[in-house]
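Engineer: Dumping the structure here so I can ask a few things about it.
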Amino acid sequence: MNKISRIYIEITNVCNLSCSFCIGNVRVPRFMSTDEFSHVIQQAKPYTNHIYLHVLGEPLLHPQLEEVLTVAHRFGMNVNITTNGTLLGKTQKVLLNAPALRKVSVSLHSMEPGSPYCKEEYLRDVASFVTVATEKGIYCELRMWNLGANDIDNEAVFTLLCRFLGLDNGAQEAARNKICESGNTTLAPRLFLGKAARFTWPSMDEPPTEQPIFCHGLRSQMAVLCDGTVVPCCLDSRGDIALGNIFQTPLAQILSGERAQALYKGFSVRQPSEELCRRCGYAKRF
């Protein structure tokens, strides 16, 4: 049985923001129940110990977040959460008391002009959370996945962050020199600034590329949408490549199925079997 380094689990596709860079949800709004989550974890356990609560939606909106994290801990899972950061203050106690929580990634690029959260209070709350979380041993990443975009002043955001984080001048200068470079920069122990270019979500509306394409889908990652649909990666947010439903079919059977195997073998020779994969802007990073 092939191991998968990470499995993305979308515990909800509901979000409290509507960001311009996001592909947006076209599916029925839904929250995965704790029983459904337990079933997914049981199926995922033979493949990985690392789950990521992220595809679309804001995971901190889940009304049973504490129970979800408890289930993950019961099965020995390491939990990584990606959030827009707007609810960190409300959920801080739950997050900090969750022994399964390994990492929290905050998408700072959600703070775009016109957003009601585009204010200093947002960054202050984010800085407050990551300061306490990293002291408790939780890894935190502050993401600026917007290099090349013109609508966010990363320098201004970074300056405010430095002030709220209380970074010394040396740490500030070292990070500032790399503010326009892709990659991770260490700001403090267990605290990283992640920078990357804004990418185009895979969509059948995008033109296909004729270039060879490789992807880690089904090799080192896969995803389960909140209705149980299994897809090859966290960018198939609309379930276009539905490999099966984990609530109806065992995961092992889904991954050994004809469609999944064709996709895996296609990526091995840089010739994806699925049309959507030929229209993925993120795959260019590989």
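By convention here, the chains of the structure tokens are called A, B, ... in the order presented, each chain's residues are numbered starting at 1, and ligands are numbered starting at 1 in the order presented.
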Among stretch 54-160 of chain A, which residues does DSSP mark as strand (DSSP E or B) when it is run on the backbone? Keep the chain and numbering as in the structure and answer as a PyMOL selection string.

Structural biologist: chain A and resi 78-83+101-107+139-147

Engineer: Which residues, written as a ChimeraX atom specification, have at least one atom at most 9 Å from A:Glu67, with only C-alpha atoms counted and residues fewer than 4 positions away on the same chain left out?

Structural biologist: /A:34,71-72

Engineer: Find the residues near A:Gly166: any atom within 12 Å, counting only C-alpha atoms, skip ones fewer than 6 places away on the same chain, and give them as a ChimeraX atom specification.

Structural biologist: /A:124,127-128,130-131,158-160,172,187-188

Engineer: For all heavy atoms, I'd like the residues from the last selection saved as a CSV table (one decimal), in the first residue's frame.

Structural biologist:
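This is the output file selection_3.csv:
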```csv
chain,number,residue,atom,x,y,z
A,124,ARG,N,-3.1,42.4,14.1
A,124,ARG,CA,-2.8,42.3,15.5
A,124,ARG,C,-3.3,41.0,16.1
A,124,ARG,O,-2.6,40.3,16.9
A,124,ARG,CB,-3.4,43.5,16.2
A,124,ARG,CG,-3.0,43.5,17.7
A,124,ARG,CD,-3.7,44.7,18.5
A,124,ARG,NE,-3.1,46.0,18.0
A,124,ARG,CZ,-3.8,46.9,17.3
A,124,ARG,NH1,-5.1,46.6,17.0
A,124,ARG,NH2,-3.2,48.0,17.0
A,127,ALA,N,-1.1,38.1,14.8
A,127,ALA,CA,0.2,38.2,15.5
A,127,ALA,C,0.1,37.7,16.9
A,127,ALA,O,0.9,36.9,17.4
A,127,ALA,CB,0.8,39.6,15.5
A,128,SER,N,-1.0,38.0,17.6
A,128,SER,CA,-1.2,37.6,18.9
A,128,SER,C,-1.3,36.1,19.0
A,128,SER,O,-0.8,35.4,19.9
A,128,SER,CB,-2.5,38.3,19.5
A,128,SER,OG,-2.8,37.8,20.8
A,130,VAL,N,-0.3,33.7,16.7
A,130,VAL,CA,0.9,32.9,16.4
A,130,VAL,C,2.0,33.1,17.4
A,130,VAL,O,2.8,32.2,17.6
A,130,VAL,CB,1.5,33.4,15.0
A,130,VAL,CG1,0.4,33.1,13.9
A,130,VAL,CG2,2.0,34.8,15.0
A,131,THR,N,2.0,34.2,18.2
A,131,THR,CA,3.0,34.4,19.2
A,131,THR,C,2.8,33.3,20.3
A,131,THR,O,3.7,32.7,20.8
A,131,THR,CB,2.9,35.8,19.8
A,131,THR,OG1,3.3,36.7,18.8
A,131,THR,CG2,3.9,35.9,21.0
A,158,PHE,N,3.9,43.7,6.0
A,158,PHE,CA,5.0,43.2,6.8
A,158,PHE,C,5.5,44.1,7.9
A,158,PHE,O,5.8,43.7,9.0
A,158,PHE,CB,6.2,42.9,5.8
A,158,PHE,CG,7.4,42.3,6.5
A,158,PHE,CD1,7.4,41.0,6.9
A,158,PHE,CD2,8.5,43.1,6.7
A,158,PHE,CE1,8.5,40.4,7.5
A,158,PHE,CE2,9.6,42.5,7.3
A,158,PHE,CZ,9.6,41.2,7.7
A,159,THR,N,5.5,45.4,7.6
A,159,THR,CA,5.9,46.4,8.6
A,159,THR,C,5.0,46.3,9.9
A,159,THR,O,5.5,46.3,11.0
A,159,THR,CB,5.9,47.8,8.1
A,159,THR,OG1,6.8,47.9,7.0
A,159,THR,CG2,6.3,48.8,9.1
A,160,LEU,N,3.7,46.2,9.6
A,160,LEU,CA,2.7,46.1,10.7
A,160,LEU,C,3.0,44.8,11.5
A,160,LEU,O,2.9,44.7,12.7
A,160,LEU,CB,1.3,46.2,10.2
A,160,LEU,CG,0.8,47.6,9.9
A,160,LEU,CD1,-0.6,47.4,9.2
A,160,LEU,CD2,0.7,48.4,11.2
A,172,GLN,N,13.8,41.6,11.3
A,172,GLN,CA,13.0,42.4,10.4
A,172,GLN,C,13.8,42.6,9.1
A,172,GLN,O,13.3,42.4,8.0
A,172,GLN,CB,12.7,43.8,11.0
A,172,GLN,CG,11.7,43.7,12.1
A,172,GLN,CD,11.2,45.1,12.5
A,172,GLN,OE1,11.0,46.0,11.6
A,172,GLN,NE2,11.1,45.3,13.8
A,187,LEU,N,10.9,33.8,10.7
A,187,LEU,CA,10.8,35.1,11.4
A,187,LEU,C,11.1,34.9,12.9
A,187,LEU,O,11.7,35.8,13.5
A,187,LEU,CB,9.3,35.6,11.3
A,187,LEU,CG,8.8,35.9,9.9
A,187,LEU,CD1,7.4,36.4,10.0
A,187,LEU,CD2,9.7,37.0,9.3
A,188,ALA,N,10.9,33.7,13.4
A,188,ALA,CA,11.1,33.4,14.8
A,188,ALA,C,11.0,31.9,14.9
A,188,ALA,O,10.6,31.2,14.0
A,188,ALA,CB,10.1,34.1,15.7
```

Engineer: Which parts of stretch 32-176 of chain A does DSSP call helix (DSSP H, G or I) when run on the backbone here, written out as a ChimeraX atom specification?

Structural biologist: /A:34-44,59-61,65-74,88-96,108-110,120-135,154-165,169-176

Engineer: Env of A:Ile246: 9 Å cut, atoms = only C-alpha atoms, seq-sep filter 5 positions within chain, self excluded. Answer as an MDAnalysis selection string.

Structural biologist: chainID A and resid 39:40 43 224 227:230 251 254

Engineer: Calculated over only C-alpha atoms, which of the candidates A:Arg259, A:Arg279, A:Arg163, A:Arg143 has the smallest distance to A:Met204?

Structural biologist: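 Counting only C-alpha atoms, the residue closest to A:Met204 is A:Arg279.
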
Engineer: Considering only C-alpha atoms, state which residue in the set A:Leu88, A:Leu108, A:Ala223, A:Leu165 is at the smallest distance from A:His50.

Structural biologist: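 Looking at the shortest contact to A:His50, the residue is A:Ala223.
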
Engineer: Residues near A:Gln42, anyone? I mean within 12 Å using only C-alpha atoms, not counting same-chain ones fewer than 6 positions away, as a PDB file with all heavy atoms, in the first residue's frame.

Structural biologist:
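out-v6.pdb, freshly written:
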```pdb
ATOM      1  N   ASP A  35     -19.199  12.296  12.819  1.00  0.00           N
ATOM      2  CA  ASP A  35     -19.235  10.870  12.472  1.00  0.00           C
ATOM      3  C   ASP A  35     -18.636  10.654  11.086  1.00  0.00           C
ATOM      4  O   ASP A  35     -17.890   9.683  10.872  1.00  0.00           O
ATOM      5  CB  ASP A  35     -20.674  10.340  12.507  1.00  0.00           C
ATOM      6  CG  ASP A  35     -21.210  10.165  13.924  1.00  0.00           C
ATOM      7  OD1 ASP A  35     -20.377  10.130  14.860  1.00  0.00           O
ATOM      8  OD2 ASP A  35     -22.438  10.074  14.090  1.00  0.00           O
ATOM      9  N   GLU A  36     -18.964  11.529  10.165  1.00  0.00           N
ATOM     10  CA  GLU A  36     -18.390  11.424   8.819  1.00  0.00           C
ATOM     11  C   GLU A  36     -16.884  11.644   8.864  1.00  0.00           C
ATOM     12  O   GLU A  36     -16.115  10.943   8.186  1.00  0.00           O
ATOM     13  CB  GLU A  36     -19.048  12.448   7.894  1.00  0.00           C
ATOM     14  CG  GLU A  36     -20.494  12.135   7.548  1.00  0.00           C
ATOM     15  CD  GLU A  36     -21.164  13.254   6.792  1.00  0.00           C
ATOM     16  OE1 GLU A  36     -20.726  14.426   6.915  1.00  0.00           O
ATOM     17  OE2 GLU A  36     -22.145  12.977   6.069  1.00  0.00           O
ATOM     18  N   THR A  48      -1.597   7.684   5.887  1.00  0.00           N
ATOM     19  CA  THR A  48      -0.868   8.859   6.368  1.00  0.00           C
ATOM     20  C   THR A  48      -1.170   9.142   7.832  1.00  0.00           C
ATOM     21  O   THR A  48      -2.193   8.674   8.364  1.00  0.00           O
ATOM     22  CB  THR A  48      -1.232  10.108   5.540  1.00  0.00           C
ATOM     23  OG1 THR A  48      -0.383  11.206   5.910  1.00  0.00           O
ATOM     24  CG2 THR A  48      -2.680  10.514   5.765  1.00  0.00           C
ATOM     25  N   ASN A  49      -0.295   9.930   8.452  1.00  0.00           N
ATOM     26  CA  ASN A  49      -0.553  10.453   9.793  1.00  0.00           C
ATOM     27  C   ASN A  49      -0.722  11.965   9.766  1.00  0.00           C
ATOM     28  O   ASN A  49      -0.811  12.596  10.812  1.00  0.00           O
ATOM     29  CB  ASN A  49       0.604  10.095  10.742  1.00  0.00           C
ATOM     30  CG  ASN A  49       0.679   8.610  11.035  1.00  0.00           C
ATOM     31  OD1 ASN A  49      -0.354   7.955  11.189  1.00  0.00           O
ATOM     32  ND2 ASN A  49       1.880   8.069  11.084  1.00  0.00           N
ATOM     33  N   ILE A  51      -2.968  15.110   8.247  1.00  0.00           N
ATOM     34  CA  ILE A  51      -4.154  15.604   7.553  1.00  0.00           C
ATOM     35  C   ILE A  51      -4.141  17.126   7.553  1.00  0.00           C
ATOM     36  O   ILE A  51      -3.596  17.766   8.460  1.00  0.00           O
ATOM     37  CB  ILE A  51      -5.462  15.081   8.185  1.00  0.00           C
ATOM     38  CG1 ILE A  51      -5.564  15.507   9.658  1.00  0.00           C
ATOM     39  CG2 ILE A  51      -5.578  13.579   8.029  1.00  0.00           C
ATOM     40  CD1 ILE A  51      -6.929  15.218  10.279  1.00  0.00           C
ATOM     41  N   VAL A  71     -11.208  13.905  17.593  1.00  0.00           N
ATOM     42  CA  VAL A  71     -11.225  12.678  16.789  1.00  0.00           C
ATOM     43  C   VAL A  71      -9.867  12.458  16.133  1.00  0.00           C
ATOM     44  O   VAL A  71      -9.329  11.344  16.142  1.00  0.00           O
ATOM     45  CB  VAL A  71     -12.332  12.743  15.715  1.00  0.00           C
ATOM     46  CG1 VAL A  71     -12.178  11.601  14.712  1.00  0.00           C
ATOM     47  CG2 VAL A  71     -13.712  12.691  16.360  1.00  0.00           C
ATOM     48  N   ALA A  72      -9.311  13.513  15.575  1.00  0.00           N
ATOM     49  CA  ALA A  72      -8.007  13.404  14.918  1.00  0.00           C
ATOM     50  C   ALA A  72      -6.941  12.923  15.902  1.00  0.00           C
ATOM     51  O   ALA A  72      -6.107  12.076  15.571  1.00  0.00           O
ATOM     52  CB  ALA A  72      -7.615  14.754  14.320  1.00  0.00           C
ATOM     53  N   ARG A  74      -7.442  11.160  18.608  1.00  0.00           N
ATOM     54  CA  ARG A  74      -7.735   9.783  18.990  1.00  0.00           C
ATOM     55  C   ARG A  74      -7.111   8.792  18.007  1.00  0.00           C
ATOM     56  O   ARG A  74      -6.697   7.694  18.385  1.00  0.00           O
ATOM     57  CB  ARG A  74      -9.245   9.576  19.047  1.00  0.00           C
ATOM     58  CG  ARG A  74      -9.676   8.225  19.623  1.00  0.00           C
ATOM     59  CD  ARG A  74     -11.177   8.037  19.520  1.00  0.00           C
ATOM     60  NE  ARG A  74     -11.901   9.188  20.036  1.00  0.00           N
ATOM     61  CZ  ARG A  74     -12.988   9.690  19.491  1.00  0.00           C
ATOM     62  NH1 ARG A  74     -13.492   9.141  18.387  1.00  0.00           N
ATOM     63  NH2 ARG A  74     -13.597  10.738  20.018  1.00  0.00           N
ATOM     64  N   PHE A  75      -7.021   9.194  16.742  1.00  0.00           N
ATOM     65  CA  PHE A  75      -6.450   8.323  15.722  1.00  0.00           C
ATOM     66  C   PHE A  75      -4.972   8.613  15.465  1.00  0.00           C
ATOM     67  O   PHE A  75      -4.390   8.090  14.515  1.00  0.00           O
ATOM     68  CB  PHE A  75      -7.235   8.461  14.411  1.00  0.00           C
ATOM     69  CG  PHE A  75      -8.561   7.744  14.427  1.00  0.00           C
ATOM     70  CD1 PHE A  75      -9.720   8.413  14.781  1.00  0.00           C
ATOM     71  CD2 PHE A  75      -8.645   6.395  14.104  1.00  0.00           C
ATOM     72  CE1 PHE A  75     -10.948   7.757  14.806  1.00  0.00           C
ATOM     73  CE2 PHE A  75      -9.858   5.734  14.124  1.00  0.00           C
ATOM     74  CZ  PHE A  75     -11.017   6.409  14.479  1.00  0.00           C
ATOM     75  N   GLY A  76      -4.375   9.449  16.297  1.00  0.00           N
ATOM     76  CA  GLY A  76      -2.950   9.710  16.168  1.00  0.00           C
ATOM     77  C   GLY A  76      -2.571  10.546  14.969  1.00  0.00           C
ATOM     78  O   GLY A  76      -1.447  10.435  14.458  1.00  0.00           O
ATOM     79  N   MET A  77      -3.473  11.397  14.518  1.00  0.00           N
ATOM     80  CA  MET A  77      -3.211  12.234  13.353  1.00  0.00           C
ATOM     81  C   MET A  77      -2.550  13.556  13.755  1.00  0.00           C
ATOM     82  O   MET A  77      -2.858  14.124  14.808  1.00  0.00           O
ATOM     83  CB  MET A  77      -4.511  12.542  12.609  1.00  0.00           C
ATOM     84  CG  MET A  77      -5.091  11.362  11.854  1.00  0.00           C
ATOM     85  SD  MET A  77      -4.065  10.940  10.434  1.00  0.00           S
ATOM     86  CE  MET A  77      -5.052   9.633   9.692  1.00  0.00           C
ATOM     87  N   ILE A 246     -16.047   8.436  -0.483  1.00  0.00           N
ATOM     88  CA  ILE A 246     -15.510   7.676   0.639  1.00  0.00           C
ATOM     89  C   ILE A 246     -16.598   7.232   1.608  1.00  0.00           C
ATOM     90  O   ILE A 246     -16.396   6.303   2.390  1.00  0.00           O
ATOM     91  CB  ILE A 246     -14.434   8.517   1.361  1.00  0.00           C
ATOM     92  CG1 ILE A 246     -13.498   7.628   2.188  1.00  0.00           C
ATOM     93  CG2 ILE A 246     -15.086   9.587   2.240  1.00  0.00           C
ATOM     94  CD1 ILE A 246     -12.277   8.360   2.713  1.00  0.00           C
ATOM     95  N   PHE A 247     -17.782   7.868   1.551  1.00  0.00           N
ATOM     96  CA  PHE A 247     -18.892   7.442   2.398  1.00  0.00           C
ATOM     97  C   PHE A 247     -19.625   6.234   1.806  1.00  0.00           C
ATOM     98  O   PHE A 247     -20.459   5.629   2.472  1.00  0.00           O
ATOM     99  CB  PHE A 247     -19.886   8.582   2.592  1.00  0.00           C
ATOM    100  CG  PHE A 247     -19.303   9.798   3.261  1.00  0.00           C
ATOM    101  CD1 PHE A 247     -19.773  11.075   2.961  1.00  0.00           C
ATOM    102  CD2 PHE A 247     -18.272   9.682   4.189  1.00  0.00           C
ATOM    103  CE1 PHE A 247     -19.249  12.200   3.584  1.00  0.00           C
ATOM    104  CE2 PHE A 247     -17.735  10.803   4.807  1.00  0.00           C
ATOM    105  CZ  PHE A 247     -18.221  12.062   4.507  1.00  0.00           C
ATOM    106  N   PRO A 250     -14.885   2.044  -0.014  1.00  0.00           N
ATOM    107  CA  PRO A 250     -13.633   2.095   0.742  1.00  0.00           C
ATOM    108  C   PRO A 250     -12.561   2.857  -0.029  1.00  0.00           C
ATOM    109  O   PRO A 250     -12.467   2.741  -1.264  1.00  0.00           O
ATOM    110  CB  PRO A 250     -13.260   0.624   0.910  1.00  0.00           C
ATOM    111  CG  PRO A 250     -14.556  -0.112   0.813  1.00  0.00           C
ATOM    112  CD  PRO A 250     -15.378   0.656  -0.179  1.00  0.00           C
ATOM    113  N   LEU A 251     -11.748   3.621   0.694  1.00  0.00           N
ATOM    114  CA  LEU A 251     -10.718   4.428   0.050  1.00  0.00           C
ATOM    115  C   LEU A 251      -9.747   3.563  -0.750  1.00  0.00           C
ATOM    116  O   LEU A 251      -9.331   3.952  -1.848  1.00  0.00           O
ATOM    117  CB  LEU A 251      -9.958   5.243   1.101  1.00  0.00           C
ATOM    118  CG  LEU A 251      -8.866   6.175   0.566  1.00  0.00           C
ATOM    119  CD1 LEU A 251      -9.426   7.172  -0.441  1.00  0.00           C
ATOM    120  CD2 LEU A 251      -8.189   6.915   1.722  1.00  0.00           C
ATOM    121  N   ALA A 252      -9.377   2.410  -0.226  1.00  0.00           N
ATOM    122  CA  ALA A 252      -8.455   1.526  -0.944  1.00  0.00           C
ATOM    123  C   ALA A 252      -9.016   1.147  -2.305  1.00  0.00           C
ATOM    124  O   ALA A 252      -8.280   1.101  -3.305  1.00  0.00           O
ATOM    125  CB  ALA A 252      -8.177   0.274  -0.116  1.00  0.00           C
TER     126      ALA A 252
END
```

Engineer: Looking at only C-alpha atoms, which of A:Phe21, A:Phe31, A:Tyr122, A:Phe214 is the one that sits closest to A:Ile9?

Structural biologist: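 Of all the options, A:Phe31 lies closest to A:Ile9.
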
Engineer: May I ask which of the residues A:Ile11, A:Cys233, A:Leu123, A:Ala133 is the closest one to A:Cys162, counting only C-alpha atoms?

Structural biologist: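 Residue with the minimum atom-to-atom distance to A:Cys162: A:Leu123.
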
Engineer: So what do you get for atom CA of A:Val68 versus atom CA of A:Ser38, distance-wise?

Structural biologist: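 Answer for the atom CA of A:Val68 to atom CA of A:Ser38 separation: 8.1 Å.
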
Engineer: For A:Ser203, work out the shell of residues within 8 Å, counting only C-alpha atoms and skipping chain neighbours fewer than 2 positions away, then give it as a JSON list (two decimals) with N, CA, C and O atoms, in the first residue's frame.

Structural biologist:
```
[["chain", "number", "residue", "atom", "x", "y", "z"],
["A", 201, "TRP", "N", -6.32, 28.93, -10.49],
["A", 201, "TRP", "CA", -6.95, 27.66, -10.12],
["A", 201, "TRP", "C", -7.25, 26.85, -11.38],
["A", 201, "TRP", "O", -7.59, 27.40, -12.43],
["A", 205, "ASP", "N", -12.44, 26.30, -17.87],
["A", 205, "ASP", "CA", -12.52, 27.56, -18.61],
["A", 205, "ASP", "C", -11.15, 28.07, -19.03],
["A", 205, "ASP", "O", -11.04, 28.97, -19.85],
["A", 206, "GLU", "N", -10.08, 27.52, -18.41],
["A", 206, "GLU", "CA", -8.72, 27.93, -18.74],
["A", 206, "GLU", "C", -8.22, 27.17, -19.97],
["A", 206, "GLU", "O", -8.60, 26.02, -20.19],
["A", 276, "LEU", "N", -8.73, 18.50, -16.83],
["A", 276, "LEU", "CA", -8.60, 19.57, -15.84],
["A", 276, "LEU", "C", -7.14, 19.80, -15.48],
["A", 276, "LEU", "O", -6.71, 20.95, -15.29],
["A", 279, "ARG", "N", -5.11, 22.18, -17.36],
["A", 279, "ARG", "CA", -5.54, 23.56, -17.23],
["A", 279, "ARG", "C", -5.26, 24.08, -15.81],
["A", 279, "ARG", "O", -5.97, 24.93, -15.29],
["A", 280, "CYS", "N", -4.22, 23.57, -15.20],
["A", 280, "CYS", "CA", -3.88, 23.93, -13.82],
["A", 280, "CYS", "C", -2.69, 24.86, -13.79],
["A", 280, "CYS", "O", -1.57, 24.48, -14.17]]
```

Engineer: What gap, in Å, lies between atom CA of A:Ala262 and atom CA of A:Leu56?

Structural biologist: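 Result for atom CA of A:Ala262 versus atom CA of A:Leu56: 25.5 Å, one decimal.
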
Engineer: If you count only C-alpha atoms, which residues fall within 8 Å of A:Thr134, apart from same-chain ones fewer than 3 positions away, as a list in words?

Structural biologist: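 Skipping anything fewer than 3 positions along the chain leaves Val130, Thr131, Gly137, Ile138, Tyr139, Cys140, Pro189, Arg190 and Leu191 of chain A.
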